[in-house]
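Shown below: final.csv, with CSV, C-alpha atoms.
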```
chain,number,residue,atom,x,y,z
A,1,MET,CA,29.5,-5.6,-31.0
A,2,ASN,CA,27.8,-6.0,-34.3
A,3,ALA,CA,24.9,-3.9,-35.5
A,4,ARG,CA,22.2,-6.5,-34.9
A,5,LYS,CA,23.3,-7.1,-31.3
A,6,LYS,CA,23.3,-3.3,-30.8
A,7,ARG,CA,19.7,-3.1,-32.2
A,8,ARG,CA,18.5,-5.9,-29.9
A,9,LEU,CA,20.2,-4.2,-26.9
A,10,LEU,CA,18.4,-1.0,-27.8
A,11,PHE,CA,15.1,-3.0,-27.9
A,12,VAL,CA,15.8,-4.4,-24.4
A,13,SER,CA,16.5,-0.9,-23.0
A,14,PHE,CA,13.3,0.3,-24.6
A,15,LEU,CA,11.4,-2.5,-23.0
A,16,LEU,CA,12.8,-1.6,-19.6
A,17,LEU,CA,12.3,2.1,-20.0
A,18,GLY,CA,8.8,1.6,-21.3
A,19,GLY,CA,7.9,-0.8,-18.5
A,20,ALA,CA,9.3,1.6,-15.9
A,21,GLY,CA,7.6,4.6,-17.5
A,22,ALA,CA,4.2,2.8,-17.5
A,23,ALA,CA,4.6,1.7,-14.0
A,24,GLY,CA,5.7,5.1,-12.9
A,25,LEU,CA,2.6,6.8,-14.4
A,26,ALA,CA,0.3,4.2,-13.0
A,27,ILE,CA,1.8,4.6,-9.5
A,28,ALA,CA,1.7,8.4,-9.7
A,29,ALA,CA,-2.0,8.3,-10.7
A,30,LEU,CA,-2.8,5.9,-7.9
A,31,GLN,CA,-0.6,7.4,-5.3
A,32,ASP,CA,-3.4,8.3,-2.9
A,33,ASN,CA,-5.1,4.9,-3.4
A,34,VAL,CA,-1.9,2.9,-2.8
A,35,MET,CA,-1.6,4.4,0.6
A,36,TYR,CA,-2.8,1.7,3.1
A,37,PHE,CA,-3.8,4.2,5.7
A,38,TYR,CA,-4.0,7.9,6.6
A,39,SER,CA,-2.1,9.4,9.5
A,40,PRO,CA,-4.1,11.6,11.9
A,41,THR,CA,-2.4,14.6,10.2
A,42,ASP,CA,-3.7,13.4,6.8
A,43,VAL,CA,-7.2,13.1,8.2
A,44,TYR,CA,-7.2,16.8,9.2
A,45,ALA,CA,-5.4,17.9,6.0
A,46,LYS,CA,-7.7,16.0,3.6
A,47,HIS,CA,-10.9,17.0,5.4
A,48,VAL,CA,-12.2,13.5,5.2
A,49,SER,CA,-16.0,13.7,5.4
A,50,PRO,CA,-18.0,11.7,8.1
A,51,GLY,CA,-19.3,8.3,6.9
A,52,GLN,CA,-16.5,7.8,4.3
A,53,ALA,CA,-14.7,4.5,4.9
A,54,PHE,CA,-10.9,4.7,5.2
A,55,ARG,CA,-8.1,3.4,7.4
A,56,ILE,CA,-6.3,5.4,10.0
A,57,GLY,CA,-2.8,4.4,11.2
A,58,GLY,CA,-0.4,5.6,13.9
A,59,LEU,CA,0.6,4.9,17.4
A,60,VAL,CA,-1.8,4.1,20.2
A,61,ALA,CA,-1.3,7.1,22.5
A,62,LYS,CA,0.0,6.5,26.0
A,63,HIS,CA,-2.7,6.3,28.7
A,64,SER,CA,-5.4,6.5,26.1
A,65,VAL,CA,-6.7,2.9,26.1
A,66,HIS,CA,-10.0,2.5,28.1
A,67,LYS,CA,-11.9,-0.8,28.1
A,68,GLY,CA,-15.6,-0.4,28.4
A,69,ARG,CA,-18.3,-2.9,29.0
A,70,GLY,CA,-17.8,-6.2,27.1
A,71,ALA,CA,-15.6,-5.9,24.1
A,72,GLU,CA,-15.9,-2.1,23.8
A,73,ILE,CA,-12.6,-0.3,23.7
A,74,THR,CA,-11.6,3.3,23.1
A,75,PHE,CA,-8.1,4.7,22.4
A,76,THR,CA,-6.4,7.6,20.7
A,77,VAL,CA,-4.3,7.2,17.5
A,78,THR,CA,-1.5,9.7,17.3
A,79,ASP,CA,1.3,10.6,14.9
A,80,GLY,CA,3.0,13.0,17.3
A,81,ASN,CA,1.3,15.9,15.6
A,82,LYS,CA,-2.4,15.3,15.6
A,83,ASN,CA,-4.7,12.9,17.5
A,84,VAL,CA,-7.9,11.0,16.6
A,85,SER,CA,-9.9,9.1,19.1
A,86,VAL,CA,-11.2,5.7,18.1
A,87,ASP,CA,-14.2,3.7,19.3
A,88,TYR,CA,-14.1,0.0,18.6
A,89,LYS,CA,-16.1,-3.1,19.6
A,90,GLY,CA,-14.4,-6.4,19.1
A,91,ASP,CA,-11.1,-8.3,19.7
A,92,VAL,CA,-7.8,-6.5,19.3
A,93,PRO,CA,-4.7,-8.4,18.1
A,94,ALA,CA,-2.2,-9.7,20.7
A,95,LEU,CA,0.3,-7.0,19.9
A,96,PHE,CA,-2.2,-4.2,20.6
A,97,ARG,CA,-0.9,-2.0,23.4
A,98,GLU,CA,-0.1,1.6,24.2
A,99,GLY,CA,2.9,3.0,22.2
A,100,GLN,CA,2.4,0.3,19.6
A,101,GLY,CA,1.6,0.8,15.9
A,102,VAL,CA,-2.0,0.3,14.9
A,103,VAL,CA,-4.2,0.5,11.8
A,104,ALA,CA,-8.0,0.8,12.1
A,105,MET,CA,-10.6,0.5,9.4
A,106,GLY,CA,-13.8,2.5,9.7
A,107,ARG,CA,-15.3,6.0,9.4
A,108,LEU,CA,-15.5,9.3,11.1
A,109,THR,CA,-18.7,10.1,13.0
A,110,PRO,CA,-20.1,13.7,12.9
A,111,SER,CA,-18.6,14.3,16.3
A,112,GLY,CA,-15.1,13.6,15.0
A,113,THR,CA,-14.4,10.3,16.6
A,114,PHE,CA,-13.4,7.4,14.5
A,115,GLN,CA,-15.8,4.4,14.6
A,116,ALA,CA,-13.6,1.3,13.8
A,117,ASP,CA,-14.9,-2.0,12.3
A,118,GLN,CA,-11.4,-3.7,12.4
A,119,VAL,CA,-8.2,-3.0,14.3
A,120,LEU,CA,-4.9,-4.4,13.1
A,121,ALA,CA,-1.5,-4.2,14.8
A,122,LYS,CA,1.4,-2.8,12.9
A,123,HIS,CA,4.7,-3.8,14.5
A,124,ASP,CA,8.0,-2.0,13.7
A,125,GLU,CA,11.1,-3.4,11.9
A,126,LYS,CA,13.0,-3.9,15.2
A,127,TYR,CA,13.7,-7.5,16.4
A,128,MET,CA,15.5,-8.1,19.6
A,129,PRO,CA,15.5,-10.4,22.6
A,130,PRO,CA,13.7,-9.2,25.8
A,131,GLU,CA,17.0,-8.9,27.7
A,132,VAL,CA,18.3,-6.3,25.2
A,133,VAL,CA,15.1,-4.3,25.6
A,134,ASP,CA,15.4,-4.5,29.4
A,135,ALA,CA,19.0,-3.3,29.1
A,136,LEU,CA,18.0,-0.4,26.8
A,137,LYS,CA,15.2,0.6,29.2
A,138,ARG,CA,17.6,0.5,32.2
A,139,SER,CA,20.1,2.7,30.4
A,140,GLY,CA,17.4,5.1,29.2
A,141,HIS,CA,18.0,4.5,25.5
A,142,TRP,CA,14.6,2.9,24.9
A,143,GLU,CA,12.0,4.9,22.9
A,144,GLU,CA,8.8,3.0,22.4
A,145,GLY,CA,7.5,3.2,18.9
A,146,LYS,CA,10.2,5.6,17.7
A,147,ALA,CA,10.6,3.7,14.4
A,148,GLN,CA,6.9,4.1,13.6
A,149,GLN,CA,5.9,6.6,11.0
B,1,MET,CA,38.0,-31.4,-17.4
B,2,THR,CA,41.0,-29.7,-18.7
B,3,GLY,CA,42.9,-27.0,-16.8
B,4,LYS,CA,41.9,-24.3,-19.3
B,5,PRO,CA,39.9,-21.5,-17.7
B,6,VAL,CA,36.3,-21.5,-18.9
B,7,HIS,CA,34.9,-18.3,-20.4
B,8,ILE,CA,31.2,-17.7,-19.5
B,9,PHE,CA,30.0,-17.7,-23.1
B,10,GLU,CA,31.8,-21.0,-23.8
B,11,LEU,CA,29.3,-22.4,-21.3
B,12,ALA,CA,26.6,-21.4,-23.8
B,13,ASN,CA,27.7,-24.5,-25.7
B,14,PRO,CA,25.4,-27.1,-24.2
B,15,LYS,CA,28.1,-29.9,-24.4
B,16,ARG,CA,30.6,-27.8,-22.5
B,17,PHE,CA,28.0,-26.7,-20.0
B,18,MET,CA,27.0,-30.3,-19.2
B,19,ASP,CA,30.7,-31.3,-18.7
B,20,VAL,CA,31.4,-28.4,-16.4
B,21,SER,CA,28.2,-28.5,-14.4
B,22,ALA,CA,28.1,-32.2,-13.7
B,23,PRO,CA,30.7,-32.2,-10.8
B,24,VAL,CA,29.2,-29.0,-9.4
B,25,VAL,CA,25.8,-30.6,-8.6
B,26,PRO,CA,26.9,-32.8,-5.6
B,27,TRP,CA,29.1,-30.1,-4.1
B,28,LEU,CA,26.3,-27.6,-4.3
B,29,ALA,CA,23.9,-30.1,-2.8
B,30,ALA,CA,26.3,-30.6,0.1
B,31,ALA,CA,26.8,-26.9,0.7
B,32,THR,CA,23.0,-26.3,0.6
B,33,THR,CA,22.3,-29.1,3.2
B,34,VAL,CA,25.0,-27.9,5.6
B,35,THR,CA,24.0,-24.2,5.4
B,36,ILE,CA,20.2,-24.8,5.9
B,37,THR,CA,20.9,-27.4,8.7
B,38,LEU,CA,23.1,-24.9,10.5
B,39,GLY,CA,20.7,-22.1,9.9
B,40,LEU,CA,17.8,-24.1,11.3
B,41,ILE,CA,19.7,-25.2,14.4
B,42,LEU,CA,20.5,-21.5,15.1
B,43,ALA,CA,17.0,-20.4,14.3
B,44,PHE,CA,15.5,-22.7,16.9
B,45,ASN,CA,18.0,-21.7,19.5
B,46,THR,CA,17.6,-17.9,19.4
B,47,PRO,CA,15.9,-16.2,22.3
B,48,PRO,CA,12.3,-15.1,21.6
B,49,ASP,CA,11.6,-11.6,20.4
B,50,TYR,CA,10.6,-9.0,23.0
B,51,GLN,CA,7.2,-8.4,21.5
B,52,GLN,CA,6.5,-11.3,19.0
B,53,GLY,CA,7.8,-14.1,21.2
B,54,ASP,CA,8.5,-17.4,19.4
B,55,THR,CA,6.4,-16.3,16.4
B,56,VAL,CA,9.4,-14.3,15.2
B,57,ARG,CA,11.0,-17.6,14.1
B,58,ILE,CA,8.7,-17.5,11.0
B,59,MET,CA,11.0,-14.7,9.9
B,60,PHE,CA,13.8,-17.2,9.3
B,61,ILE,CA,11.8,-19.0,6.6
B,62,HIS,CA,9.6,-16.1,5.4
B,63,VAL,CA,12.3,-13.5,4.7
B,64,PRO,CA,14.8,-16.0,2.9
B,65,THR,CA,12.0,-17.4,0.7
B,66,ALA,CA,10.8,-13.9,-0.3
B,67,TRP,CA,14.4,-12.8,-1.1
B,68,THR,CA,15.1,-15.9,-3.1
B,69,ALA,CA,11.8,-15.4,-5.0
B,70,MET,CA,12.9,-11.9,-6.0
B,71,MET,CA,16.5,-13.0,-6.8
B,72,ALA,CA,15.1,-15.8,-9.0
B,73,TYR,CA,13.1,-13.3,-10.9
B,74,GLY,CA,16.1,-11.1,-11.4
B,75,LEU,CA,18.2,-14.0,-12.7
B,76,MET,CA,15.3,-15.0,-15.0
B,77,ALA,CA,15.1,-11.5,-16.4
B,78,LEU,CA,18.9,-11.4,-16.8
B,79,ALA,CA,18.9,-14.8,-18.7
B,80,SER,CA,16.1,-13.3,-20.8
B,81,VAL,CA,18.2,-10.3,-21.7
B,82,VAL,CA,21.1,-12.6,-22.8
B,83,SER,CA,18.5,-14.7,-24.7
B,84,LEU,CA,17.2,-11.6,-26.6
B,85,VAL,CA,20.5,-9.9,-27.2
B,86,ASN,CA,23.0,-12.7,-27.7
B,87,ARG,CA,20.6,-15.4,-28.8
B,88,HIS,CA,22.2,-18.1,-26.7
B,89,PRO,CA,19.9,-21.1,-26.7
B,90,LEU,CA,21.1,-22.1,-23.2
B,91,ALA,CA,19.9,-18.7,-21.9
B,92,ASP,CA,16.3,-19.6,-23.1
B,93,VAL,CA,16.5,-22.9,-21.3
B,94,ALA,CA,17.9,-21.2,-18.1
B,95,ALA,CA,15.1,-18.5,-18.1
B,96,LYS,CA,12.4,-21.1,-18.6
B,97,ALA,CA,13.8,-23.4,-15.9
B,98,ALA,CA,13.8,-20.6,-13.3
B,99,ALA,CA,10.1,-19.8,-13.6
B,100,PRO,CA,8.5,-22.7,-11.8
B,101,LEU,CA,11.1,-22.5,-9.0
B,102,GLY,CA,10.5,-18.8,-8.6
B,103,ALA,CA,6.8,-19.4,-8.5
B,104,VAL,CA,7.2,-21.9,-5.7
B,105,PHE,CA,9.4,-19.6,-3.6
B,106,THR,CA,7.0,-16.8,-4.1
B,107,ALA,CA,4.0,-18.9,-3.1
B,108,LEU,CA,6.0,-20.0,0.0
B,109,GLY,CA,6.7,-16.4,0.8
B,110,LEU,CA,3.0,-15.6,0.6
B,111,ILE,CA,1.9,-18.6,2.7
B,112,THR,CA,4.5,-18.0,5.5
B,113,GLY,CA,3.7,-14.3,5.5
B,114,SER,CA,0.1,-15.1,5.9
B,115,LEU,CA,0.8,-17.5,8.8
B,116,TRP,CA,2.9,-14.7,10.4
B,117,GLY,CA,0.4,-12.0,9.7
B,118,ARG,CA,-2.6,-13.6,11.4
B,119,PRO,CA,-1.2,-13.9,14.9
B,120,MET,CA,0.8,-10.6,14.8
B,121,TRP,CA,-1.3,-8.1,12.8
B,122,GLY,CA,-4.6,-9.8,13.2
B,123,ALA,CA,-5.2,-10.5,9.5
B,124,TRP,CA,-4.2,-13.3,7.1
B,125,TRP,CA,-4.1,-10.9,4.2
B,126,VAL,CA,-4.3,-7.1,3.5
B,127,TRP,CA,-4.1,-5.2,0.2
B,128,ASP,CA,-1.2,-3.0,1.1
B,129,GLY,CA,1.6,-2.0,-1.3
B,130,ARG,CA,4.1,-4.7,-0.2
B,131,LEU,CA,1.7,-7.6,-0.1
B,132,THR,CA,0.0,-6.7,-3.4
B,133,SER,CA,3.2,-6.1,-5.3
B,134,PHE,CA,4.5,-9.5,-4.0
B,135,LEU,CA,1.3,-11.2,-5.2
B,136,LEU,CA,1.9,-9.6,-8.6
B,137,LEU,CA,5.3,-11.4,-8.6
B,138,LEU,CA,3.5,-14.7,-8.4
B,139,LEU,CA,1.1,-13.7,-11.2
B,140,LEU,CA,4.1,-12.7,-13.3
B,141,TYR,CA,5.7,-16.1,-12.8
B,142,LEU,CA,2.4,-17.9,-13.6
B,143,GLY,CA,1.8,-15.7,-16.6
B,144,TYR,CA,5.4,-16.5,-17.8
B,145,ILE,CA,4.8,-20.3,-17.4
B,146,ALA,CA,1.4,-20.1,-19.2
B,147,LEU,CA,2.9,-18.0,-22.0
B,148,SER,CA,5.9,-20.4,-22.5
B,149,ASP,CA,3.5,-23.3,-23.1
B,150,ALA,CA,1.2,-21.2,-25.4
B,151,PHE,CA,3.4,-21.5,-28.6
B,152,SER,CA,4.2,-24.5,-30.7
B,153,ASP,CA,7.3,-22.7,-32.0
B,154,GLU,CA,9.9,-22.8,-29.2
B,155,THR,CA,11.9,-19.9,-30.6
B,156,ARG,CA,8.9,-17.6,-30.7
B,157,ALA,CA,7.9,-18.7,-27.2
B,158,ALA,CA,11.3,-17.8,-25.9
B,159,ARG,CA,11.2,-14.3,-27.6
B,160,VAL,CA,7.8,-13.5,-26.2
B,161,CYS,CA,8.5,-14.9,-22.7
B,162,ALA,CA,11.8,-12.9,-22.6
B,163,ILE,CA,9.9,-9.7,-23.3
B,164,LEU,CA,7.4,-10.5,-20.5
B,165,ALA,CA,10.2,-11.3,-18.0
B,166,ILE,CA,12.1,-8.1,-18.8
B,167,VAL,CA,9.1,-5.8,-18.5
B,168,GLY,CA,8.0,-7.6,-15.3
B,169,ALA,CA,11.4,-6.9,-13.7
B,170,VAL,CA,10.1,-3.4,-13.1
B,171,ASN,CA,8.0,-4.9,-10.3
B,172,LEU,CA,11.2,-5.8,-8.3
B,173,PRO,CA,12.1,-2.3,-7.2
B,174,ILE,CA,8.4,-1.7,-6.5
B,175,ILE,CA,8.3,-4.6,-4.1
B,176,GLU,CA,11.6,-3.4,-2.4
B,177,PHE,CA,10.6,0.2,-2.0
B,178,SER,CA,6.8,-0.3,-1.4
B,179,VAL,CA,7.3,0.0,2.3
B,180,GLN,CA,9.1,3.4,1.9
B,181,TRP,CA,6.9,4.9,-0.8
B,182,TRP,CA,3.5,4.2,0.8
B,183,THR,CA,2.0,3.6,4.1
B,184,THR,CA,1.7,-0.2,4.5
B,185,LEU,CA,0.7,-2.6,7.2
B,186,HIS,CA,3.9,-4.6,6.5
B,187,GLN,CA,6.8,-3.2,8.6
B,188,GLY,CA,9.6,-1.3,7.0
B,189,GLU,CA,13.0,-2.5,5.9
B,190,SER,CA,15.0,-4.1,8.8
B,191,ILE,CA,18.4,-4.9,7.2
B,192,LEU,CA,19.2,-2.4,4.4
B,193,ARG,CA,18.1,0.7,6.3
B,194,ARG,CA,19.7,4.0,7.2
B,195,GLY,CA,21.4,3.7,10.6
B,196,GLY,CA,22.2,0.0,10.1
B,197,PRO,CA,20.1,-3.2,10.7
B,198,ALA,CA,17.3,-3.0,13.2
B,199,ILE,CA,17.7,-6.7,14.0
B,200,SER,CA,19.7,-8.0,17.0
B,201,PRO,CA,22.8,-10.0,15.9
B,202,VAL,CA,21.3,-13.1,17.6
B,203,PHE,CA,18.5,-13.0,14.9
B,204,LEU,CA,20.7,-11.7,12.1
B,205,TRP,CA,23.1,-14.7,12.0
B,206,PRO,CA,20.4,-17.4,11.5
B,207,LEU,CA,18.6,-15.2,9.1
B,208,PHE,CA,21.9,-14.7,7.1
B,209,LEU,CA,22.6,-18.4,7.1
B,210,MET,CA,19.0,-19.3,6.0
B,211,ALA,CA,19.2,-16.6,3.2
B,212,ILE,CA,22.5,-18.2,1.9
B,213,GLY,CA,21.0,-21.7,2.3
B,214,PHE,CA,17.8,-20.8,0.3
B,215,THR,CA,19.9,-19.1,-2.4
B,216,LEU,CA,22.1,-22.2,-2.7
B,217,LEU,CA,18.9,-24.4,-2.8
B,218,PHE,CA,17.5,-22.3,-5.7
B,219,LEU,CA,20.8,-22.4,-7.6
B,220,LEU,CA,21.0,-26.2,-7.1
B,221,LEU,CA,17.5,-26.8,-8.3
B,222,TRP,CA,17.9,-24.4,-11.1
B,223,LEU,CA,21.1,-26.1,-12.3
B,224,ILE,CA,19.4,-29.5,-12.1
B,225,ARG,CA,16.4,-28.2,-14.1
B,226,ILE,CA,18.7,-26.7,-16.8
B,227,ARG,CA,20.6,-30.0,-17.1
B,228,THR,CA,17.4,-32.0,-17.3
B,229,ALA,CA,16.1,-29.7,-20.0
B,230,VAL,CA,19.3,-30.2,-22.0
B,231,LEU,CA,19.2,-34.0,-21.6
B,232,LYS,CA,15.6,-34.0,-22.6
B,233,ARG,CA,16.4,-32.2,-25.8
B,234,ARG,CA,19.3,-34.6,-26.5
B,235,THR,CA,17.0,-37.6,-26.0
B,236,TRP,CA,14.4,-36.1,-28.3
B,237,ASN,CA,17.0,-35.5,-31.0
B,238,LEU,CA,18.2,-39.1,-30.7
B,239,MET,CA,14.6,-40.4,-30.9
B,240,LEU,CA,14.0,-38.3,-34.0
B,241,ARG,CA,17.1,-39.6,-35.6
B,242,ALA,CA,16.2,-43.2,-34.8
B,243,THR,CA,12.7,-42.9,-36.4
B,244,THR,CA,13.9,-41.3,-39.6
```
Take the structure from the file and write it as structure tokens.
Amino acid sequence: MNARKKRRLLFVSFLLLGGAGAAGLAIAALQDNVMYFYSPTDVYAKHVSPGQAFRIGGLVAKHSVHKGRGAEITFTVTDGNKNVSVDYKGDVPALFREGQGVVAMGRLTPSGTFQADQVLAKHDEKYMPPEVVDALKRSGHWEEGKAQQ
Amino acid sequence: MTGKPVHIFELANPKRFMDVSAPVVPWLAAATTVTITLGLILAFNTPPDYQQGDTVRIMFIHVPTAWTAMMAYGLMALASVVSLVNRHPLADVAAKAAAPLGAVFTALGLITGSLWGRPMWGAWWVWDGRLTSFLLLLLLYLGYIALSDAFSDETRAARVCAILAIVGAVNLPIIEFSVQWWTTLHQGESILRRGGPAISPVFLWPLFLMAIGFTLLFLLLWLIRIRTAVLKRRTWNLMLRATT
């Protein structure tokens, strides 16, 4: 390899290192903002103040969904460690159900419940036919929402 | 064609490249057609997903287009490195030819993702780490195309574009690991994950075939674009010679 080629290769390495370094610094600085949602544990740990808009994500806790009058619905978001109860008025996505991943946009009320303006479903990375799920359930190997974070 | 083995850098000679690549085009076209046809047949004959129903079939288009869009960028960046370091003119042509194709695959990935997101998540678009970094991929492609047309001097354009392509390659691992580094609405990695793929084999096979099919489709279109660019340059030179 001649000297010129070596110098150019050094230049390319510098480009990649520089780009990666800049991206790394930007990502580190934005770390908290790049998070799409807080888990219930985060909500407690960060002492989010009432009225501040943010997203909360986790699993819809078992037996926590209650439909009120009209489109009103309440449920609990859990990450297995902490729970936050959510009030929402509006349509929920087709995938919304107990044990399913959910992300809600809204704010905490002074009483500590989460008032949601929007509810989105977060499905996990598992794909399988219904028969496989039935077989897993029959054999006792099925864990709803286990892959969720 | 002679029986002599072809060294990769010998292909940097445009004449040699044109001779060797000409018979490859029809075979590549045939392989692409067969793979995508088989993939589609399988894709429409899988059972529905346990929670997403028939909507899961969007995956067989969405995931291969997104993969191909990222692979195309990787190849464009690689060609840019060869262009900067080895100064092979054919590498410039190859990098420039990949950009519009990559942009189209990226746009298709965004559109199919949006069509999938609305019925499953309840939103056409969200600004999470995965979706935003993938949108950045489209902007990188568009920026590259705009930049390559912004110079009257082709050699300078190639240099500057190569630098953009190489720096932009930093975005590829960000897209890949976005779903691990941050909380996102987009689900985590299904294939390359600890504990093996989370996709049933009945879905994995059509996905695999479609991924190969889309990769072949990109390679075919890329090859045709590179050949067209070389022919265009030849025609241009002939016209110049004729007028002087």
* To do: Compute the chain A side of the contact with chain B at 6 Å, counting only C-alpha atoms, and hand it back as a list in words.
  =>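 Applying the cut-off to the listed atoms yields Lys5, Arg8, Leu9, Leu16, Gly19, Ala20, Met35, Tyr36, Pro93, Leu120, Ala121, Lys122, Asp124, Glu125, Lys126, Tyr127, Met128, Pro129 and Pro130 of chain A.
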* Separation of CA of Ile175 (chain B) from CA of Leu223 (chain B) in Å ->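 Computing it gives 26.3 Å between the two atoms.
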* Neighbours of Pro40 (chain A) within 9 Å (only C-alpha atoms; same-chain residues fewer than 3 positions away dropped), as a ChimeraX atom specification? -> /A:43-45,56-58,77-79,81-84
* To do: Give as a PyMOL selection string each residue that has an atom at most 12 Å from (23.7, -28.8, 5.2) in the file, counting all atoms listed in the file.
  => chain B and resi 26-41+209-210+212-214+216-217
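These residues, each with an atom at most 8 Å from (-12.6, 1.0, 14.4) using all atoms listed in the file, are A:Val86, A:Asp87, A:Tyr88, A:Lys89, A:Ala104, A:Met105, A:Gly106, A:Arg107, A:Phe114, A:Gln115, A:Ala116, A:Asp117, A:Gln118, A:Val119.
By chain and then residue number, the residues within 8 Å of region 12-23 of chain B are Met1, Ile8, Trp27, His88, Pro89, Leu90, Ala91, Leu223, Arg227 and Val230 of chain B, counting only C-alpha atoms and disregarding those fewer than 4 positions away in sequence.
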* For CA of Leu137 (chain B) and CA of Met70 (chain B), the interatomic separation in Å (one decimal) -> 8.0 Å
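The coordinates place CA of Ile111 (chain B) at 17.2 Å from CA of Leu140 (chain B).
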* With a distance cut-off of 9 Å and only C-alpha atoms, select the neighbouring residues of Ile61 (chain B), excluding the residue or stretch itself and same-chain residues fewer than 3 positions from it, and output the selection as a PyMOL selection string. => chain B and resi 57-58+64-66+108-109+112+207+210-211+214
* Taking into account all atoms listed in the file, which residue in the set A:Val60, A:Ala71, A:Ala29, A:Leu136 is nearest to Leu95 (chain A)? ->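 Selected residue with least distance to Leu95 (chain A): A:Val60.
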